[in-house]
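Printed here is model-v8.cif (mmCIF, C-alpha atoms):
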```
data_target
loop_
_atom_site.group_PDB
_atom_site.id
_atom_site.type_symbol
_atom_site.label_atom_id
_atom_site.label_comp_id
_atom_site.auth_asym_id
_atom_site.auth_seq_id
_atom_site.Cartn_x
_atom_site.Cartn_y
_atom_site.Cartn_z
ATOM 1 C CA MET A 1 0.000 0.000 0.000
ATOM 2 C CA ILE A 2 1.475 3.339 -1.049
ATOM 3 C CA ALA A 3 0.432 6.272 1.139
ATOM 4 C CA ILE A 4 1.372 9.847 2.016
ATOM 5 C CA VAL A 5 2.148 10.902 5.604
ATOM 6 C CA LYS A 6 -0.388 13.580 6.596
ATOM 7 C CA ASP A 7 0.190 13.971 10.338
ATOM 8 C CA ILE A 8 2.607 12.798 13.027
ATOM 9 C CA LYS A 9 1.839 13.067 16.732
ATOM 10 C CA THR A 10 4.646 12.120 19.123
ATOM 11 C CA ILE A 11 4.780 11.929 22.907
ATOM 12 C CA ASP A 12 7.964 10.471 24.366
ATOM 13 C CA SER A 13 8.586 7.405 22.177
ATOM 14 C CA LEU A 14 4.958 6.852 21.101
ATOM 15 C CA ASN A 15 3.962 7.950 17.594
ATOM 16 C CA ILE A 16 0.552 8.136 15.941
ATOM 17 C CA VAL A 17 1.012 8.632 12.206
ATOM 18 C CA GLU A 18 -1.850 9.489 9.869
ATOM 19 C CA PHE A 19 -1.698 8.574 6.185
ATOM 20 C CA ASP A 20 -3.659 9.315 3.038
ATOM 21 C CA PHE A 21 -4.139 6.062 1.133
ATOM 22 C CA ASN A 22 -6.376 6.489 -1.946
ATOM 23 C CA ASN A 23 -8.253 9.322 -0.166
ATOM 24 C CA ILE A 24 -8.763 7.048 2.855
ATOM 25 C CA THR A 25 -7.303 8.096 6.199
ATOM 26 C CA LEU A 26 -5.290 5.347 7.885
ATOM 27 C CA LYS A 27 -3.620 5.583 11.297
ATOM 28 C CA MET A 28 -0.581 3.749 12.617
ATOM 29 C CA MET A 29 0.635 3.468 16.199
ATOM 30 C CA SER A 30 4.383 2.956 16.543
ATOM 31 C CA LEU A 31 7.053 3.042 19.222
ATOM 32 C CA GLU A 32 9.805 3.696 16.695
ATOM 33 C CA LEU A 33 9.706 6.005 13.722
ATOM 34 C CA HIS A 34 12.527 6.231 11.190
ATOM 35 C CA LYS A 35 13.987 9.731 10.861
ATOM 36 C CA GLU A 36 13.108 9.752 7.133
ATOM 37 C CA VAL A 37 9.386 9.660 7.945
ATOM 38 C CA LYS A 38 8.192 13.258 7.703
ATOM 39 C CA LEU A 39 5.044 15.098 6.667
ATOM 40 C CA GLU A 40 4.252 14.502 2.987
ATOM 41 C CA SER A 41 6.667 11.530 2.802
ATOM 42 C CA LYS A 42 5.574 8.838 0.383
ATOM 43 C CA VAL A 43 5.718 5.458 2.112
ATOM 44 C CA LYS A 44 4.968 1.816 1.486
ATOM 45 C CA LEU A 45 2.739 0.432 4.242
ATOM 46 C CA LEU A 46 2.617 -3.160 5.392
ATOM 47 C CA VAL A 47 -0.012 -5.196 7.201
ATOM 48 C CA LYS A 48 0.131 -8.938 7.773
ATOM 49 C CA PRO A 49 -2.682 -10.743 5.914
ATOM 50 C CA SER A 50 -3.807 -12.366 9.164
ATOM 51 C CA ASN A 51 -4.366 -8.864 10.623
ATOM 52 C CA VAL A 52 -6.821 -7.727 7.930
ATOM 53 C CA ILE A 53 -10.328 -8.243 9.331
ATOM 54 C CA ILE A 54 -13.300 -8.550 6.969
ATOM 55 C CA SER A 55 -16.865 -7.474 7.732
ATOM 56 C CA LYS A 56 -19.915 -7.392 5.480
ATOM 57 C CA ASN A 57 -21.086 -4.208 7.249
ATOM 58 C CA TYR A 58 -19.632 -0.924 8.454
ATOM 59 C CA ILE A 59 -19.082 -1.135 12.199
ATOM 60 C CA GLU A 60 -19.791 1.980 14.261
ATOM 61 C CA ASN A 61 -18.528 2.607 17.774
ATOM 62 C CA ILE A 62 -15.435 0.435 17.528
ATOM 63 C CA SER A 63 -11.922 1.060 18.786
ATOM 64 C CA LEU A 64 -10.236 0.049 15.517
ATOM 65 C CA SER A 65 -8.827 3.128 13.790
ATOM 66 C CA ASN A 66 -8.879 1.897 10.210
ATOM 67 C CA GLN A 67 -11.933 0.896 8.183
ATOM 68 C CA ALA A 68 -12.241 0.970 4.404
ATOM 69 C CA LEU A 69 -14.311 -0.533 1.621
ATOM 70 C CA ALA A 70 -12.589 -3.103 -0.592
ATOM 71 C CA LYS A 71 -13.640 -5.367 -3.443
ATOM 72 C CA ILE A 72 -13.010 -9.103 -3.243
ATOM 73 C CA VAL A 73 -11.154 -10.059 -6.439
ATOM 74 C CA ALA A 74 -10.268 -13.677 -5.611
ATOM 75 C CA ILE A 75 -10.880 -16.328 -2.963
ATOM 76 C CA GLU A 76 -8.764 -19.429 -2.402
ATOM 77 C CA ASN A 77 -10.214 -21.891 0.086
ATOM 78 C CA GLY A 78 -7.868 -24.385 1.696
ATOM 79 C CA GLU A 79 -8.680 -27.077 4.215
ATOM 80 C CA LEU A 80 -8.631 -24.686 7.193
ATOM 81 C CA LEU A 81 -7.905 -21.189 5.884
ATOM 82 C CA SER A 82 -9.140 -18.916 3.118
ATOM 83 C CA SER A 83 -6.946 -16.396 1.313
ATOM 84 C CA ILE A 84 -9.032 -13.414 0.232
ATOM 85 C CA SER A 85 -7.546 -11.035 -2.372
ATOM 86 C CA LEU A 86 -8.899 -7.524 -1.913
ATOM 87 C CA LYS A 87 -8.605 -4.397 -4.016
ATOM 88 C CA ILE A 88 -8.800 -0.733 -3.095
ATOM 89 C CA GLY A 89 -8.146 1.467 -6.109
ATOM 90 C CA ASP A 90 -5.108 -0.011 -7.873
ATOM 91 C CA THR A 91 -3.802 -1.721 -4.728
ATOM 92 C CA THR A 92 -4.364 -5.430 -4.159
ATOM 93 C CA PHE A 93 -3.692 -7.023 -0.796
ATOM 94 C CA GLU A 94 -4.601 -10.164 1.103
ATOM 95 C CA SER A 95 -6.609 -11.224 4.126
ATOM 96 C CA ILE A 96 -6.226 -14.683 5.613
ATOM 97 C CA ILE A 97 -9.221 -15.875 7.622
ATOM 98 C CA THR A 98 -10.566 -19.245 8.645
ATOM 99 C CA LYS A 99 -12.432 -21.155 5.966
ATOM 100 C CA GLU A 100 -15.337 -21.360 8.411
ATOM 101 C CA SER A 101 -15.508 -17.540 8.619
ATOM 102 C CA SER A 102 -15.349 -17.227 4.834
ATOM 103 C CA LYS A 103 -18.280 -19.633 4.459
ATOM 104 C CA ARG A 104 -20.273 -18.054 7.328
ATOM 105 C CA LEU A 105 -19.925 -14.615 5.706
ATOM 106 C CA ASN A 106 -20.766 -16.159 2.309
ATOM 107 C CA LEU A 107 -17.862 -14.244 0.738
ATOM 108 C CA GLN A 108 -17.812 -14.208 -3.050
ATOM 109 C CA GLU A 109 -15.710 -12.580 -5.740
ATOM 110 C CA GLY A 110 -17.100 -9.153 -6.562
ATOM 111 C CA ASN A 111 -18.438 -8.521 -3.034
ATOM 112 C CA ILE A 112 -17.710 -5.111 -1.555
ATOM 113 C CA VAL A 113 -16.656 -5.634 2.061
ATOM 114 C CA ASN A 114 -15.438 -3.539 4.926
ATOM 115 C CA ILE A 115 -11.861 -4.187 6.002
ATOM 116 C CA LEU A 116 -10.592 -3.314 9.459
ATOM 117 C CA ILE A 117 -6.983 -2.907 10.591
ATOM 118 C CA LYS A 118 -5.792 -1.975 14.079
ATOM 119 C CA ALA A 119 -3.431 1.009 14.171
ATOM 120 C CA SER A 120 -0.834 -1.187 15.892
ATOM 121 C CA ASP A 121 -0.994 -3.733 13.031
ATOM 122 C CA LEU A 122 0.000 -1.202 10.362
ATOM 123 C CA SER A 123 3.690 -0.492 9.755
ATOM 124 C CA ILE A 124 5.933 1.400 7.358
ATOM 125 C CA LEU A 125 7.928 -0.960 5.169
ATOM 126 C CA ARG A 126 10.007 1.840 3.668
ATOM 127 C CA VAL A 127 10.084 5.497 2.668
ATOM 128 C CA LEU A 128 9.883 5.917 -1.107
ATOM 129 C CA HIS A 129 12.131 8.423 -2.861
ATOM 130 C CA ASP A 130 10.579 8.920 -6.287
#
```
I'd like the structure from this file rewritten - as structure tokens, please.
Amino acid sequence: MIAIVKDIKTIDSLNIVEFDFNNITLKMMSLELHKEVKLESKVKLLVKPSNVIISKNYIENISLSNQALAKIVAIENGELLSSISLKIGDTTFESIITKESSKRLNLQEGNIVNILIKASDLSILRVLHD
């Protein structure tokens, strides 16, 4: 995920960084922040597929900082887990959930779903210099 740093709040060693990703605001909580990360920096963000939560509905009154709509572009069901390929704009990423959850939600290619990511599960892979 390529994003632009829009805000950085720091107290002691705790940082809350706000990004613009395809006109979606994402927030990251971090104890360490590389010195290259500054306002308007272009960065590549990383989230582990097992930390991308899928919901069929928007969830109000929740402590998770990051919610966005994504389109399911592919589903691979294994014996225990399902790999869900999701797309927001031109960015494709993956969510890994239990096969049981995939079936219970009746997920299908083409569905528009809500994805949720905790601020502590988002990280900066690198600062881009282009």
>> Let me make sure I understand: among A:Val52, A:Ser102, A:His34, A:Lys71, which one has the smallest atom-to-atom distance to Asp90 (chain A) if we use only C-alpha atoms?
In response: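 Counting only C-alpha atoms, the residue closest to Asp90 (chain A) is A:Lys71.
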>> Can you spell out as a list in words the set of residues that the PyMOL selection byres ((chain A and resi 26) around 9) selects in the structure I just provided?
In response: Ala3, Val17, Glu18, Phe19, Asp20, Phe21, Ile24, Thr25, Lys27, Met28, Ser65, Asn66, Gln67, Ala68, Ile117, Ala119 and Leu122 of chain A
>> Taking 6 positions as the minimum chain separation for residues in the same chain, which residues sit within 10 Å of region 77-84 of chain A when counting only C-alpha atoms? Answer as a PyMOL selection string.
In response: chain A and resi 49-50+52+54+71+93-103+107-109
For C-alpha atoms, I'd like the residues from the last selection saved as a short mmCIF file (atom, residue, chain, number, x, y, z; two decimals), keeping the file's coordinate frame.
```
data_model
loop_
_atom_site.label_atom_id
_atom_site.label_comp_id
_atom_site.auth_asym_id
_atom_site.auth_seq_id
_atom_site.Cartn_x
_atom_site.Cartn_y
_atom_site.Cartn_z
CA PRO A 49 -2.68 -10.74 5.91
CA SER A 50 -3.81 -12.37 9.16
CA VAL A 52 -6.82 -7.73 7.93
CA ILE A 54 -13.30 -8.55 6.97
CA LYS A 71 -13.64 -5.37 -3.44
CA PHE A 93 -3.69 -7.02 -0.80
CA GLU A 94 -4.60 -10.16 1.10
CA SER A 95 -6.61 -11.22 4.13
CA ILE A 96 -6.23 -14.68 5.61
CA ILE A 97 -9.22 -15.88 7.62
CA THR A 98 -10.57 -19.24 8.64
CA LYS A 99 -12.43 -21.16 5.97
CA GLU A 100 -15.34 -21.36 8.41
CA SER A 101 -15.51 -17.54 8.62
CA SER A 102 -15.35 -17.23 4.83
CA LYS A 103 -18.28 -19.63 4.46
CA LEU A 107 -17.86 -14.24 0.74
CA GLN A 108 -17.81 -14.21 -3.05
CA GLU A 109 -15.71 -12.58 -5.74
#
```
> What is the CA of Glu32 (chain A) to CA of Ile8 (chain A) distance in Å?
Replying inline: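 Between CA of Glu32 (chain A) and CA of Ile8 (chain A) the gap is 12.2 Å.
Nearest-residue note for Ile53 (chain A): choosing from A:Thr92, A:Val127, A:Lys35, A:Ala70, the minimum distance belongs to A:Ala70, counting all atoms listed in the file.
Ranking A:Ile112, A:Leu14, A:Met29, A:Ile2 by their shortest atom-to-atom distance to Leu64 (chain A), with only C-alpha atoms included, puts A:Met29 first.
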> In terms of the shortest atom-to-atom distance over only C-alpha atoms, which of A:Ile124, A:Leu116, A:Leu45, A:Val5 is closest to Thr91 (chain A)?
Replying inline: A:Leu45
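Residues captured in this structure file are Ile4, Val5, Lys6, Lys38, Leu39, Ser41 and Lys42 of chain A, according to the PyMOL selection byres ((chain A and resi 40) around 8).
Comparing A:Ser63, A:Ser30, A:Asn111, A:Ser123 by their smallest distance to Val47 (chain A), the closest is A:Ser123 (using only C-alpha atoms).
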> Could you work out how far CA of Val43 (chain A) lies from CA of His129 (chain A), giving the answer in Å with one decimal?
Replying inline: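 Between these atoms lies a distance of 8.6 Å.
Going from CA of Glu60 (chain A) over to CA of Ile115 (chain A), you cover 13.0 Å.
Counting all atoms listed in the file, Asp12 (chain A) has the following residues at most 12 Å away, ignoring those fewer than 3 positions along the same chain: Lys9, Asn15, Ile16, Ser30, Leu31, Glu32 and Leu33 of chain A.
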> Using all atoms listed in the file, which of the listed residues (A:Leu46, A:Met1, A:Ile11, A:Val73) sits closest to Gly110 (chain A)?
Replying inline: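 Using all atoms listed in the file, Gly110 (chain A) sits closest to A:Val73.
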Let me have the centre and edge lengths of the axis-aligned box enclosing all listed atoms of region 87-90 of chain A with 4 Å padding on every side, in Å to one decimal, as lines of an AutoDock Vina configuration file.
```
center_x = -7.0
center_y = -1.5
center_z = -5.5
size_x = 11.7
size_y = 13.9
size_z = 12.8
```
